[in-house]
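Q: Sharing a structure below in structure tokens format, with a few things to ask.
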Amino acid sequence: MAVYSLPDLPYDYAALEPHINGQILELHHDKHHAAYVKGANDTLDRIAEARDKGDFSSIVGLEKTLAFNVSGHVLHTLYWQNMTPDGGERPDGDLAEAIAEHFGSFEAFHGQMSAATTLVQGSGWGVLSYEPASRRLIVEQVYDHHGNVGIGSVPLLAFDAWEHAYYLQYRNVRPDFVKAMWEVVNWPDVAARYAAALAATPAG
Ligand code: MN
């Protein structure tokens with residue numbers, strides 16, 4: 001049985017228009033995310049085969065492929081939940097306070113997150129993460145799906161900066177797509193993830 005499965009989108013393909021059009025969402029979910037799910041399952045099978053045969057000559061490539069696909073699956077699953085047709089505005093409560101404390105202000109965080117996403121070289125993500133060793137919020141600039149990430153960081157809010165996330169609508173103008181992303185952020189979802197991450201790492 002497959003270990004990983006493609007979650008349903010929590011809304012219709014066109015639900016995020018005009019910010020993200022339905023064609024992008026359909027392809028992004030049904031083709032791209034589905035490919036990461038399949039890639040993760042196939043790679044687990046190939047690693048199991050290697051164990052059965054006692055032949056680990058391909059293990060370096062397999063581990064890399066596993067990290068790429070599992071991380072792609074995890075980030076896309078987060079990404080769909082991070083967006084909502086009723087999004088935008090700003091966070092409130094504990095999350096708003098933590099952002100102000102750890103970034104200086106919401107505006108400063110907004111600037112850093114936008115720049116980290118816009119300036120990804122090649123394919124990657126801008127991610128707001130909870131870093132448990134410091135119990136702080138940080139922004140990570142993720143390469144592909146899994147590079148440049150601090151071990152243990154818990155992703156809370158992910159902006160996909162791969163061309164497949166915006167090119168059909170925004171062409172090469174990634175900054176306009178990043179601007180649109182802020183209009184669909186599901187802040188209650190991000191706040192719930194922050195609360196859960198804090199609760200899972202009590203102060204030592
Ligand atoms: Mn993507």
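Residue numbers start at 1 in each chain; chains themselves are named A, B, ... in the order of the structure tokens; ligands are numbered from 1 in the order shown.
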Name the residues of segment 9-195 of chain A that fall into helix (DSSP H, G or I) according to DSSP on the backbone, using the chain letters and numbers of this document, as a VMD selection string.

A: chain A and resid 22 to 53 59 to 82 93 to 103 106 to 118 163 to 165 167 to 170 174 to 184 187 to 195

Q: Output as a list of chain:residue names all residues of chain A that backbone DSSP marks as strand (DSSP E).

A: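 Those residues are A:Gly124, A:Trp125, A:Gly126, A:Val127, A:Leu128, A:Ser129, A:Tyr130, A:Glu131, A:Arg136, A:Leu137, A:Ile138, A:Val139, A:Glu140, A:Gln141, A:Val142, A:Tyr143, A:Val154, A:Pro155, A:Leu156, A:Leu157, A:Ala158, A:Phe159, A:Asp160.
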
Q: So which residues touch segment 1-4 of chain A within 8 Å, counting only C-alpha atoms, skipping near sequence neighbours fewer than 2 positions away, as a PyMOL selection string?

A: chain A and resi 6+37-38+40-41

Q: Please provide as a list of chain:residue names all residues within 10 Å of segment 90-93 of chain A, with the sequence filter that same-chain residues fewer than 5 positions apart are discarded (counting only C-alpha atoms).

A: A:Ala98, A:Ile99, A:Phe106, A:Trp182, A:Glu183, A:Val185, A:Asn186, A:Trp187, A:Pro188, A:Asp189, A:Val190, A:Ala191

Q: Taking only C-alpha atoms and all ligand atoms into account, produce a table as JSON lines in which each residue of chain A with an atom at most 6 Å from an atom of ligand 1 appears once, together with its shortest atom pair and the distance in Å to one decimal, ordered by chain and rising number.

A:
```
{"residue": "A:Asp160", "atom": "CA", "partner": "ligand 1", "partner_atom_place_in_ligand_line": "1 (Mn)", "distance": 5.6}
{"residue": "A:Trp162", "atom": "CA", "partner": "ligand 1", "partner_atom_place_in_ligand_line": "1 (Mn)", "distance": 5.8}
{"residue": "A:Ala165", "atom": "CA", "partner": "ligand 1", "partner_atom_place_in_ligand_line": "1 (Mn)", "distance": 5.5}
```

Q: Residues within 9 Å of His29 of chain A, please, as an MDAnalysis selection string. Count only C-alpha atoms; anything in the same chain fewer than 5 positions from it doesn't count.

A: chainID A and resid 6 8:9 13 24 34 76 80

Q: If you keep N, CA, C and O atoms, can you produce a file of those selected residues as a compact mmCIF listing (two decimals), in the first residue's frame?

A:
```txt
# COMPACT_ATOMS: atom_id res chain seq x y z
N LEU A 6 -2.14 11.76 -2.18
CA LEU A 6 -2.43 13.14 -2.55
C LEU A 6 -3.68 13.62 -1.80
O LEU A 6 -4.76 13.03 -1.97
N ASP A 8 -6.92 15.98 -1.01
CA ASP A 8 -7.80 16.84 -1.83
C ASP A 8 -7.47 18.30 -1.55
O ASP A 8 -7.07 18.65 -0.44
N LEU A 9 -7.68 19.14 -2.56
CA LEU A 9 -7.60 20.57 -2.31
C LEU A 9 -8.76 20.95 -1.38
O LEU A 9 -9.86 20.44 -1.53
N TYR A 13 -10.74 24.58 -7.73
CA TYR A 13 -9.58 25.07 -8.47
C TYR A 13 -9.61 26.59 -8.64
O TYR A 13 -8.59 27.26 -8.59
N ILE A 24 -3.79 27.15 -13.08
CA ILE A 24 -2.56 26.93 -12.30
C ILE A 24 -2.82 25.94 -11.18
O ILE A 24 -2.07 24.98 -10.98
N ALA A 34 0.96 15.63 -7.36
CA ALA A 34 0.76 14.18 -7.55
C ALA A 34 2.08 13.50 -7.92
O ALA A 34 2.34 12.36 -7.50
N HIS A 76 3.79 21.06 -0.30
CA HIS A 76 2.55 21.34 -1.06
C HIS A 76 1.31 21.10 -0.21
O HIS A 76 0.35 21.85 -0.28
N TRP A 80 -1.41 24.25 0.31
CA TRP A 80 -2.87 24.30 0.04
C TRP A 80 -3.62 24.77 1.27
O TRP A 80 -4.57 25.54 1.19
```
